[in-house]
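Q: Just work07.txt, nothing more (compact mmCIF, C-alpha atoms):
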```txt
# COMPACT_ATOMS: atom_id res chain seq x y z
CA MET M 1 77.84 -36.03 -14.52
CA ALA M 2 79.31 -32.81 -15.97
CA ASP M 3 76.86 -30.16 -17.15
CA ALA M 4 78.22 -30.37 -20.70
CA ASP M 5 77.73 -34.15 -20.82
CA ARG M 6 74.20 -33.89 -19.42
CA ARG M 7 73.35 -31.16 -21.92
CA ALA M 8 74.61 -33.35 -24.78
CA GLU M 9 72.52 -36.27 -23.53
CA ASP M 10 69.46 -34.03 -23.20
CA ILE M 11 69.87 -32.71 -26.75
CA GLU M 12 70.13 -36.29 -28.08
CA ALA M 13 67.02 -37.30 -26.08
CA VAL M 14 65.09 -34.31 -27.44
CA GLU M 15 65.99 -35.21 -31.01
CA LYS M 16 64.72 -38.76 -30.41
CA LEU M 17 61.53 -37.40 -28.86
CA GLY M 18 60.92 -35.26 -31.94
CA LYS M 19 60.86 -38.47 -34.00
CA ALA M 20 58.79 -40.37 -31.42
CA ARG M 21 56.27 -37.52 -31.40
CA ASP M 22 55.30 -38.21 -35.02
CA ILE M 23 54.81 -41.90 -34.23
CA LEU M 24 52.78 -41.05 -31.13
CA VAL M 25 50.49 -38.65 -33.01
CA ASN M 26 50.02 -41.17 -35.82
CA GLU M 27 48.96 -43.79 -33.27
CA ILE M 28 46.43 -41.38 -31.74
CA HIS M 29 45.05 -40.60 -35.19
CA LYS M 30 44.24 -44.28 -35.68
CA VAL M 31 41.35 -43.56 -33.30
CA ILE M 32 40.98 -39.76 -33.15
CA ILE M 33 40.40 -37.82 -36.36
CA GLY M 34 41.63 -34.23 -36.38
CA GLN M 35 42.06 -32.28 -33.11
CA ASP M 36 45.80 -31.78 -33.78
CA GLU M 37 46.06 -28.67 -31.63
CA VAL M 38 44.24 -30.32 -28.71
CA ILE M 39 46.57 -33.33 -28.91
CA GLU M 40 49.66 -31.10 -28.89
CA GLN M 41 48.37 -29.16 -25.88
CA LEU M 42 47.68 -32.40 -24.00
CA LEU M 43 51.23 -33.61 -24.67
CA CYS M 44 52.72 -30.26 -23.63
CA CYS M 45 50.75 -30.37 -20.40
CA LEU M 46 51.74 -33.96 -19.65
CA PHE M 47 55.45 -33.42 -20.31
CA ALA M 48 55.45 -30.17 -18.32
CA ARG M 49 54.00 -32.04 -15.30
CA GLY M 50 50.75 -30.07 -15.37
CA HIS M 51 47.01 -30.81 -15.42
CA ALA M 52 44.41 -29.73 -17.95
CA LEU M 53 40.79 -28.63 -17.98
CA MET M 54 39.00 -29.70 -21.18
CA ILE M 55 35.84 -27.86 -22.21
CA GLY M 56 33.60 -29.13 -24.97
CA VAL M 57 30.07 -30.21 -25.75
CA PRO M 58 29.17 -33.93 -25.45
CA GLY M 59 30.14 -36.25 -28.28
CA LEU M 60 33.50 -34.74 -29.24
CA ALA M 61 35.50 -37.84 -28.15
CA LYS M 62 37.15 -36.25 -25.10
CA THR M 63 37.03 -39.50 -23.12
CA LEU M 64 38.14 -41.57 -26.10
CA MET M 65 41.05 -39.20 -26.74
CA ILE M 66 42.29 -39.46 -23.17
CA SER M 67 41.91 -43.25 -22.91
CA THR M 68 43.69 -43.62 -26.26
CA LEU M 69 46.53 -41.41 -25.04
CA ALA M 70 46.85 -43.52 -21.87
CA GLY M 71 47.01 -46.73 -23.91
CA ILE M 72 49.67 -45.42 -26.28
CA LEU M 73 51.73 -44.16 -23.35
CA LYS M 74 51.36 -47.49 -21.50
CA LEU M 75 49.85 -45.80 -18.44
CA ASP M 76 47.10 -46.78 -16.01
CA PHE M 77 43.88 -44.89 -16.73
CA HIS M 78 40.84 -44.34 -14.51
CA ARG M 79 37.69 -42.41 -15.32
CA ILE M 80 35.78 -40.82 -12.44
CA GLN M 81 32.24 -39.67 -13.24
CA PHE M 82 31.57 -36.67 -11.03
CA THR M 83 28.03 -36.49 -9.64
CA PRO M 84 26.36 -34.40 -6.90
CA ASP M 85 26.46 -37.31 -4.41
CA LEU M 86 30.15 -38.17 -4.97
CA MET M 87 32.14 -38.05 -1.73
CA PRO M 88 35.87 -37.32 -1.31
CA SER M 89 36.48 -40.90 -0.15
CA ASP M 90 34.94 -42.16 -3.40
CA ILE M 91 37.95 -40.58 -5.12
CA THR M 92 40.81 -40.96 -2.70
CA GLY M 93 39.89 -44.23 -1.00
CA THR M 94 38.54 -45.31 2.38
CA GLU M 95 39.41 -47.27 5.51
CA ILE M 96 37.62 -50.60 5.98
CA ILE M 97 37.61 -52.96 8.97
CA GLU M 98 39.06 -56.40 8.39
CA GLU M 99 39.04 -59.35 10.79
CA ASP M 100 41.95 -61.76 10.97
CA GLN M 101 40.39 -65.22 10.69
CA ALA M 102 43.21 -66.80 12.71
CA THR M 103 43.33 -64.42 15.69
CA GLY M 104 39.93 -62.75 15.53
CA LYS M 105 41.58 -59.35 15.74
CA ARG M 106 40.14 -56.48 13.74
CA SER M 107 42.17 -53.79 12.04
CA PHE M 108 41.71 -51.03 9.51
CA ARG M 109 42.94 -51.40 5.95
CA PHE M 110 43.09 -48.60 3.41
CA VAL M 111 41.43 -49.40 0.08
CA LYS M 112 42.81 -47.16 -2.62
CA GLY M 113 40.35 -45.12 -4.68
CA PRO M 114 40.41 -44.46 -8.43
CA ILE M 115 42.77 -41.49 -7.92
CA PHE M 116 45.58 -44.08 -7.79
CA ALA M 117 46.35 -44.20 -11.50
CA ASN M 118 48.66 -42.38 -13.91
CA ILE M 119 45.99 -40.63 -15.97
CA ILE M 120 42.73 -39.54 -14.35
CA LEU M 121 39.71 -38.36 -16.31
CA ALA M 122 37.60 -36.23 -13.96
CA ASP M 123 34.45 -36.26 -16.07
CA GLU M 124 32.23 -33.19 -15.56
CA ILE M 125 34.13 -31.95 -12.52
CA ASN M 126 31.65 -29.11 -12.02
CA ARG M 127 28.84 -31.59 -11.27
CA THR M 128 30.17 -32.38 -7.80
CA PRO M 129 30.21 -30.16 -4.65
CA PRO M 130 33.30 -28.10 -3.72
CA LYS M 131 34.34 -30.50 -0.92
CA THR M 132 34.81 -33.33 -3.42
CA GLN M 133 36.42 -31.03 -5.99
CA ALA M 134 38.91 -29.96 -3.32
CA ALA M 135 39.90 -33.58 -2.60
CA LEU M 136 40.88 -34.05 -6.24
CA LEU M 137 42.66 -30.71 -6.47
CA GLN M 138 44.67 -31.44 -3.33
CA SER M 139 45.92 -34.66 -4.91
CA MET M 140 46.79 -32.75 -8.08
CA GLN M 141 48.88 -30.27 -6.12
CA GLU M 142 50.60 -32.56 -3.62
CA TYR M 143 50.69 -35.93 -5.47
CA GLN M 144 49.58 -37.48 -2.20
CA VAL M 145 46.46 -38.74 -0.43
CA SER M 146 46.05 -38.70 3.33
CA SER M 147 43.71 -41.02 5.23
CA ALA M 148 43.49 -41.59 9.00
CA GLY M 149 46.72 -39.70 9.47
CA VAL M 150 48.67 -41.80 6.95
CA ILE M 151 50.02 -40.30 3.73
CA TYR M 152 49.97 -42.37 0.55
CA ASP M 153 52.03 -41.29 -2.44
CA LEU M 154 50.38 -41.35 -5.84
CA ASP M 155 51.98 -43.21 -8.72
CA LEU M 156 54.03 -41.05 -11.06
CA PRO M 157 53.57 -39.76 -13.68
CA PHE M 158 50.25 -38.37 -12.48
CA PHE M 159 48.12 -36.41 -14.94
CA VAL M 160 44.57 -35.15 -14.35
CA LEU M 161 42.23 -34.14 -17.18
CA ALA M 162 39.00 -32.60 -15.96
CA THR M 163 36.12 -32.02 -18.37
CA GLN M 164 33.28 -29.51 -18.34
CA ASN M 165 30.17 -29.22 -20.48
CA PRO M 166 29.85 -25.54 -21.48
CA ILE M 167 26.15 -25.65 -22.46
CA GLU M 168 24.44 -27.27 -19.47
CA GLN M 169 24.99 -25.34 -16.24
CA GLU M 170 21.93 -26.28 -14.14
CA GLY M 171 22.85 -28.16 -10.98
CA THR M 172 26.57 -27.46 -11.34
CA TYR M 173 29.22 -26.17 -8.94
CA PRO M 174 31.58 -23.89 -10.87
CA LEU M 175 35.22 -24.21 -9.90
CA PRO M 176 36.41 -21.21 -7.82
CA GLU M 177 39.07 -19.00 -9.38
CA ALA M 178 41.76 -20.27 -7.00
CA GLN M 179 41.04 -23.86 -8.04
CA LEU M 180 40.91 -23.01 -11.74
CA ASP M 181 44.42 -21.61 -11.36
CA ARG M 182 45.67 -25.09 -10.46
CA PHE M 183 45.08 -26.24 -14.04
CA MET M 184 47.97 -25.53 -16.35
CA PHE M 185 45.83 -25.36 -19.51
CA SER M 186 42.20 -24.73 -20.32
CA ILE M 187 41.71 -26.62 -23.58
CA ILE M 188 38.69 -25.98 -25.79
CA VAL M 189 37.62 -29.05 -27.76
CA ASP M 190 35.73 -27.64 -30.73
CA TYR M 191 33.57 -29.18 -33.43
CA PRO M 192 35.47 -30.96 -36.22
CA SER M 193 35.66 -29.55 -39.72
CA ARG M 194 33.25 -30.90 -42.34
CA ASP M 195 35.87 -33.21 -43.87
CA GLU M 196 36.91 -34.46 -40.44
CA GLU M 197 33.31 -35.08 -39.42
CA ARG M 198 32.76 -37.03 -42.63
CA GLU M 199 35.78 -39.22 -41.82
CA ILE M 200 34.51 -39.69 -38.24
CA VAL M 201 31.16 -40.94 -39.51
CA LYS M 202 32.83 -43.35 -41.95
CA ALA M 203 35.24 -44.68 -39.34
CA THR M 204 32.74 -45.19 -36.51
CA THR M 205 29.74 -46.73 -38.23
CA TYR M 206 31.23 -50.17 -38.84
CA ASP M 207 33.34 -52.61 -36.83
CA ALA M 208 37.08 -52.18 -37.15
CA ASP M 209 39.90 -53.52 -35.01
CA VAL M 210 42.46 -50.83 -34.21
CA ASP M 211 45.85 -52.08 -33.05
CA LEU M 212 47.53 -49.39 -30.98
CA GLN M 213 51.27 -49.69 -30.35
CA PRO M 214 52.73 -48.28 -27.09
CA VAL M 215 55.21 -45.50 -27.81
CA LEU M 216 56.37 -44.29 -24.37
CA ARG M 217 56.25 -45.78 -20.90
CA GLY M 218 55.91 -44.12 -17.50
CA SER M 219 59.68 -44.11 -16.94
CA ASP M 220 60.18 -42.39 -20.32
CA ILE M 221 57.67 -39.69 -19.42
CA LEU M 222 59.31 -39.04 -16.04
CA ALA M 223 62.66 -38.66 -17.81
CA ILE M 224 61.12 -36.22 -20.31
CA GLN M 225 59.57 -34.20 -17.48
CA LYS M 226 63.03 -33.80 -15.95
CA ILE M 227 64.51 -32.73 -19.28
CA VAL M 228 61.78 -30.10 -19.65
CA ARG M 229 62.95 -28.50 -16.40
CA ARG M 230 66.53 -28.38 -17.71
CA VAL M 231 65.76 -26.78 -21.09
CA PRO M 232 67.40 -23.31 -21.07
CA VAL M 233 65.29 -20.22 -21.71
CA SER M 234 66.74 -16.83 -22.59
CA ASP M 235 65.92 -13.69 -20.63
CA HIS M 236 64.38 -12.37 -23.84
CA VAL M 237 61.71 -15.11 -23.82
CA ILE M 238 61.12 -14.92 -20.05
CA ASP M 239 60.63 -11.15 -20.21
CA TYR M 240 58.14 -11.54 -23.06
CA ALA M 241 56.10 -14.04 -21.02
CA VAL M 242 56.19 -11.78 -17.95
CA ASN M 243 55.22 -8.69 -19.97
CA LEU M 244 52.34 -10.55 -21.58
CA VAL M 245 50.94 -11.70 -18.24
CA ARG M 246 51.40 -8.35 -16.50
CA ALA M 247 49.52 -6.65 -19.34
CA THR M 248 46.38 -8.54 -18.24
CA ARG M 249 46.29 -6.77 -14.85
CA PRO M 250 44.09 -3.67 -15.04
CA ARG M 251 46.02 -1.83 -12.30
CA ASP M 252 49.44 -2.48 -13.81
CA PRO M 253 50.97 0.61 -15.49
CA THR M 254 51.95 -1.49 -18.53
CA ALA M 255 48.40 -2.75 -19.15
CA PRO M 256 46.91 -1.38 -22.41
CA GLN M 257 43.74 0.66 -22.17
CA PHE M 258 41.51 -2.10 -23.55
CA ALA M 259 42.69 -4.44 -20.75
CA LYS M 260 41.78 -1.81 -18.17
CA ASP M 261 38.40 -1.30 -19.82
CA TRP M 262 37.50 -4.98 -20.21
CA LEU M 263 39.13 -6.86 -17.33
CA SER M 264 38.28 -6.91 -13.65
CA TRP M 265 41.15 -9.24 -12.73
CA GLY M 266 44.29 -10.41 -14.49
CA ALA M 267 46.50 -13.51 -14.45
CA GLY M 268 48.83 -14.24 -11.54
CA PRO M 269 52.48 -15.38 -11.45
CA ARG M 270 51.50 -19.01 -12.03
CA ALA M 271 50.54 -18.00 -15.59
CA CYS M 272 54.16 -16.92 -16.21
CA GLN M 273 55.47 -20.19 -14.83
CA TYR M 274 53.13 -22.27 -16.95
CA LEU M 275 53.85 -20.24 -20.08
CA ILE M 276 57.55 -21.00 -19.73
CA LEU M 277 57.09 -24.66 -18.78
CA GLY M 278 54.58 -25.18 -21.58
CA ALA M 279 56.87 -23.47 -24.07
CA LYS M 280 59.75 -25.72 -22.98
CA ALA M 281 57.58 -28.81 -23.46
CA ARG M 282 56.38 -27.62 -26.86
CA ALA M 283 59.96 -27.04 -27.96
CA ILE M 284 61.16 -30.54 -27.07
CA ILE M 285 58.04 -32.16 -28.51
CA ASN M 286 59.05 -30.58 -31.80
CA GLY M 287 62.66 -31.76 -31.43
CA ARG M 288 64.13 -28.41 -30.33
CA TYR M 289 66.30 -27.68 -27.30
CA ASN M 290 65.60 -23.96 -27.43
CA VAL M 291 62.48 -21.96 -26.60
CA SER M 292 61.21 -19.07 -28.71
CA CYS M 293 58.66 -16.32 -28.22
CA ASN M 294 56.57 -18.12 -30.82
CA ASP M 295 56.16 -21.00 -28.34
CA ILE M 296 54.89 -18.47 -25.77
CA ARG M 297 52.41 -16.98 -28.24
CA HIS M 298 51.18 -20.43 -29.27
CA LEU M 299 50.28 -21.34 -25.68
CA ALA M 300 49.09 -17.95 -24.41
CA ILE M 301 45.39 -18.69 -24.90
CA PRO M 302 45.20 -22.12 -23.17
CA VAL M 303 47.35 -20.84 -20.29
CA MET M 304 45.55 -17.53 -19.70
CA ARG M 305 41.92 -17.94 -20.85
CA HIS M 306 40.83 -19.26 -17.43
CA ARG M 307 43.01 -16.84 -15.45
CA ILE M 308 41.61 -13.52 -16.61
CA PHE M 309 38.13 -12.28 -15.79
CA THR M 310 36.07 -9.91 -17.88
CA ASN M 311 33.92 -7.14 -16.44
CA PHE M 312 30.50 -5.77 -17.37
CA ASN M 313 31.92 -3.60 -20.17
CA ALA M 314 33.40 -6.61 -21.95
CA ASP M 315 30.25 -8.67 -21.46
CA ALA M 316 28.10 -5.84 -22.84
CA GLU M 317 30.33 -5.56 -25.93
CA GLY M 318 30.47 -9.31 -26.49
CA VAL M 319 34.19 -9.52 -25.74
CA ASP M 320 35.50 -12.71 -24.11
CA ALA M 321 38.84 -13.72 -22.58
CA GLU M 322 40.13 -15.20 -25.83
CA ASP M 323 39.43 -11.96 -27.72
CA ILE M 324 41.41 -10.00 -25.13
CA ILE M 325 44.39 -12.39 -25.25
CA ASN M 326 44.47 -12.13 -29.04
CA GLU M 327 44.55 -8.32 -28.73
CA LEU M 328 47.39 -8.59 -26.20
CA LEU M 329 49.37 -10.78 -28.59
CA LYS M 330 49.07 -8.01 -31.19
CA THR M 331 49.89 -5.24 -28.71
CA VAL M 332 52.63 -6.51 -26.39
CA PRO M 333 55.96 -6.43 -28.27
CA GLU M 334 58.89 -8.77 -27.78
CA PRO M 335 61.75 -7.15 -25.81
CA SER M 336 64.41 -5.83 -28.16
CA GLU M 337 68.22 -5.65 -27.83
CA ALA M 338 67.83 -1.94 -27.14
CA ASP M 339 65.78 -2.74 -24.01
CA TYR M 340 68.66 -4.77 -22.57
CA ALA M 341 71.23 -2.18 -23.60
CA ALA M 342 69.24 0.52 -21.80
CA ALA M 343 68.96 -1.67 -18.67
CA SER M 344 72.70 -2.24 -18.54
```
Give the structure from this file in structure tokens form.
A:
Amino acid sequence: MADADRRAEDIEAVEKLGKARDILVNEIHKVIIGQDEVIEQLLCCLFARGHALMIGVPGLAKTLMISTLAGILKLDFHRIQFTPDLMPSDITGTEIIEEDQATGKRSFRFVKGPIFANIILADEINRTPPKTQAALLQSMQEYQVSSAGVIYDLDLPFFVLATQNPIEQEGTYPLPEAQLDRFMFSIIVDYPSRDEEREIVKATTYDADVDLQPVLRGSDILAIQKIVRRVPVSDHVIDYAVNLVRATRPRDPTAPQFAKDWLSWGAGPRACQYLILGAKARAIINGRYNVSCNDIRHLAIPVMRHRIFTNFNADAEGVDAEDIINELLKTVPEPSEADYAAAS
């Protein structure tokens, strides 16, 4: 297929997705009230072929949101409750011995674990030891599980949503920085507004049958993920994303003074990659085949909040990662035409 023909097909598919997006969000809102920004970030992450870490106190419908999304997208969904005694094989699967009744011979058979689904909810991932966390994260990275020397491919699309409770840290195993970096987004699920909470109470205190209609299937999502990779991005937008990320590194000459004062470590190159991929996904979700710096700004906080680390000065002044990213968004300018003219 010629590049021009493929581009025309992609543009047509993106326009259709823009219309399907409204239907999809309306279906989610049959069950979930509010949380529009969280829903958009989840869709961006899914279509960009990433994974997300969701942080919120109990009772904010994180599990319900994810199971609803899986149902609307016609995908297999498994929830794994992470506990201190959970073993890697409890996630990936295990070998069992079976005896052939006819011959009496015994052989091993692999029984697949709950990781073999399209959408995985890793509930309270920081409740389980690092060895078990690593088993999940390896599957996230490689889309494979290995057992007894045999490699088993996971079903695609494969999307992991891990949750953490921010207020109860006793008996937890915090994810190391290198493992946090594997998550495309860190999504904060906040309390609803008063009006939203009122609607939640009305909707959930009596029996009501909700009929959810599937909007997209697994094959549709795989096709969208391929289109995301083909969406063009201008050098202008790429340079803005790179400049924004580099400004978080205290030793970088372009870092503003407040970043040097407040940060001990900045975001790595994966933040740039995820900013661009997330911006591409956000563009096509909104029916656009072009990416703007506004898409980068919109996703800067979920992409970078778990990739930058504050120091004692920031902690003493009550400054957190989100405050610093907001300051960077005010400080780091978009590249201008004069910048490119000077470079040439």
Q: For the point (54.8, -44.1, -19.7) in the file's frame, write as a PyMOL selection string all residues with an atom no more than 9 Å away, counting all atoms listed in the file.
A: chain M and resi 70+72-76+118+157+214-222
Q: Given all atoms listed in the file as the basis, pick out the residue of M:Val332, M:Glu177, M:Ile308, M:Cys44 nearest to Asp295 (chain M).
A: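 Using all atoms listed in the file, Asp295 (chain M) sits closest to M:Cys44.
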Q: Distance CA of Val14 (chain M)-CA of Val233 (chain M), one decimal place?
A: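 Going from CA of Val14 (chain M) over to CA of Val233 (chain M) covers 15.2 Å.
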Q: Considering only C-alpha atoms, return as an mmCIF file with C-alpha atoms, in the frame of the given file whatever protein or nucleic-acid residues lie within 10 Å of Asn326 (chain M), sequence-local ones (same chain, fewer than 6 positions apart) excluded.
A:
```cif
data_model
loop_
_atom_site.group_PDB
_atom_site.id
_atom_site.type_symbol
_atom_site.label_atom_id
_atom_site.label_comp_id
_atom_site.auth_asym_id
_atom_site.auth_seq_id
_atom_site.Cartn_x
_atom_site.Cartn_y
_atom_site.Cartn_z
ATOM 1 C CA ARG M 297 52.410 -16.980 -28.240
ATOM 2 C CA ALA M 300 49.090 -17.950 -24.410
ATOM 3 C CA ILE M 301 45.390 -18.690 -24.900
#
```
Q: Hey, can you check how far CA of Ala8 (chain M) sits from CA of Ile276 (chain M)?
A: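 CA of Ile276 (chain M) lies 21.7 Å from CA of Ala8 (chain M).
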Q: Quote the spacing between CA of Arg251 (chain M) and CA of Gln141 (chain M) in Å to one decimal place.
A: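 Distance reported for this atom pair: 29.2 Å.
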Q: Which protein, DNA or RNA residues have an atom at most 9 Å from (44.4, -33.3, -18.0), counting all atoms listed in the file? List them as number ranges by chain.
A: M: 42, 45-46, 50-54, 66, 119-122, 159-163, 183-185
Q: Return the single residue from M:Met65, M:Val150, M:Leu24, M:Val237 that is closest to Glu95 (chain M), with distances computed using only C-alpha atoms.
A: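 Result for the nearest residue to Glu95 (chain M): M:Val150.
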Q: When distances are computed from all atoms listed in the file, which of M:Gly266, M:Gly34, M:Pro232, M:Pro129 shows the smallest separation from Thr310 (chain M)?
A: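 Using all atoms listed in the file, the shortest distance to Thr310 (chain M) belongs to M:Gly266.
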Q: Complete region 247-276 of chain M with N, CA and C atoms (output as a short mmCIF file (atom, residue, chain, number, x, y, z; two decimals), keeping the file's coordinate frame).
A:
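Wrote it out as part06.cif, contents follow:
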```cif
data_model
loop_
_atom_site.label_atom_id
_atom_site.label_comp_id
_atom_site.auth_asym_id
_atom_site.auth_seq_id
_atom_site.Cartn_x
_atom_site.Cartn_y
_atom_site.Cartn_z
N ALA M 247 50.41 -7.51 -18.56
CA ALA M 247 49.52 -6.65 -19.34
C ALA M 247 48.05 -7.02 -19.15
N THR M 248 47.77 -8.17 -18.50
CA THR M 248 46.38 -8.54 -18.24
C THR M 248 45.85 -7.92 -16.95
N ARG M 249 46.70 -7.29 -16.16
CA ARG M 249 46.29 -6.77 -14.85
C ARG M 249 45.88 -5.31 -14.98
N PRO M 250 44.60 -5.03 -14.78
CA PRO M 250 44.09 -3.67 -15.04
C PRO M 250 44.82 -2.58 -14.28
N ARG M 251 45.35 -2.87 -13.10
CA ARG M 251 46.02 -1.83 -12.30
C ARG M 251 47.50 -1.71 -12.60
N ASP M 252 48.02 -2.56 -13.47
CA ASP M 252 49.44 -2.48 -13.81
C ASP M 252 49.67 -1.33 -14.79
N PRO M 253 50.72 -0.52 -14.58
CA PRO M 253 50.97 0.61 -15.49
C PRO M 253 51.20 0.19 -16.94
N THR M 254 51.68 -1.05 -17.16
CA THR M 254 51.95 -1.49 -18.53
C THR M 254 50.72 -2.04 -19.24
N ALA M 255 49.61 -2.19 -18.54
CA ALA M 255 48.40 -2.75 -19.15
C ALA M 255 47.85 -1.78 -20.20
N PRO M 256 47.53 -2.25 -21.40
CA PRO M 256 46.91 -1.38 -22.41
C PRO M 256 45.52 -0.95 -21.97
N GLN M 257 45.02 0.10 -22.58
CA GLN M 257 43.74 0.66 -22.17
C GLN M 257 42.59 -0.33 -22.32
N PHE M 258 42.62 -1.15 -23.37
CA PHE M 258 41.51 -2.10 -23.55
C PHE M 258 41.49 -3.13 -22.42
N ALA M 259 42.66 -3.51 -21.88
CA ALA M 259 42.69 -4.44 -20.75
C ALA M 259 42.07 -3.80 -19.51
N LYS M 260 42.35 -2.53 -19.31
CA LYS M 260 41.78 -1.81 -18.17
C LYS M 260 40.27 -1.64 -18.32
N ASP M 261 39.83 -1.48 -19.57
CA ASP M 261 38.40 -1.30 -19.82
C ASP M 261 37.61 -2.60 -19.72
N TRP M 262 38.24 -3.73 -20.07
CA TRP M 262 37.50 -4.98 -20.21
C TRP M 262 37.74 -6.00 -19.10
N LEU M 263 38.79 -5.84 -18.32
CA LEU M 263 39.13 -6.86 -17.33
C LEU M 263 38.94 -6.35 -15.91
N SER M 264 38.39 -7.23 -15.07
CA SER M 264 38.28 -6.91 -13.65
C SER M 264 39.43 -7.51 -12.87
N TRP M 265 40.05 -8.56 -13.41
CA TRP M 265 41.15 -9.24 -12.73
C TRP M 265 42.04 -9.91 -13.76
N GLY M 266 43.34 -9.83 -13.54
CA GLY M 266 44.29 -10.41 -14.49
C GLY M 266 44.92 -11.70 -13.98
N ALA M 267 45.84 -12.24 -14.77
CA ALA M 267 46.50 -13.51 -14.45
C ALA M 267 47.60 -13.28 -13.41
N GLY M 268 47.82 -14.30 -12.58
CA GLY M 268 48.83 -14.24 -11.54
C GLY M 268 50.16 -14.81 -12.00
N PRO M 269 51.14 -14.88 -11.09
CA PRO M 269 52.48 -15.38 -11.45
C PRO M 269 52.49 -16.81 -11.98
N ARG M 270 51.52 -17.62 -11.53
CA ARG M 270 51.50 -19.01 -12.03
C ARG M 270 51.33 -19.05 -13.54
N ALA M 271 50.68 -18.05 -14.13
CA ALA M 271 50.54 -18.00 -15.59
C ALA M 271 51.91 -17.87 -16.25
N CYS M 272 52.80 -17.05 -15.68
CA CYS M 272 54.16 -16.92 -16.21
C CYS M 272 54.90 -18.25 -16.14
N GLN M 273 54.79 -18.91 -15.00
CA GLN M 273 55.47 -20.19 -14.83
C GLN M 273 54.99 -21.21 -15.85
N TYR M 274 53.67 -21.28 -16.03
CA TYR M 274 53.13 -22.27 -16.95
C TYR M 274 53.40 -21.91 -18.41
N LEU M 275 53.47 -20.63 -18.72
CA LEU M 275 53.85 -20.24 -20.08
C LEU M 275 55.25 -20.74 -20.42
N ILE M 276 56.18 -20.56 -19.49
CA ILE M 276 57.55 -21.00 -19.73
C ILE M 276 57.66 -22.52 -19.76
#
```
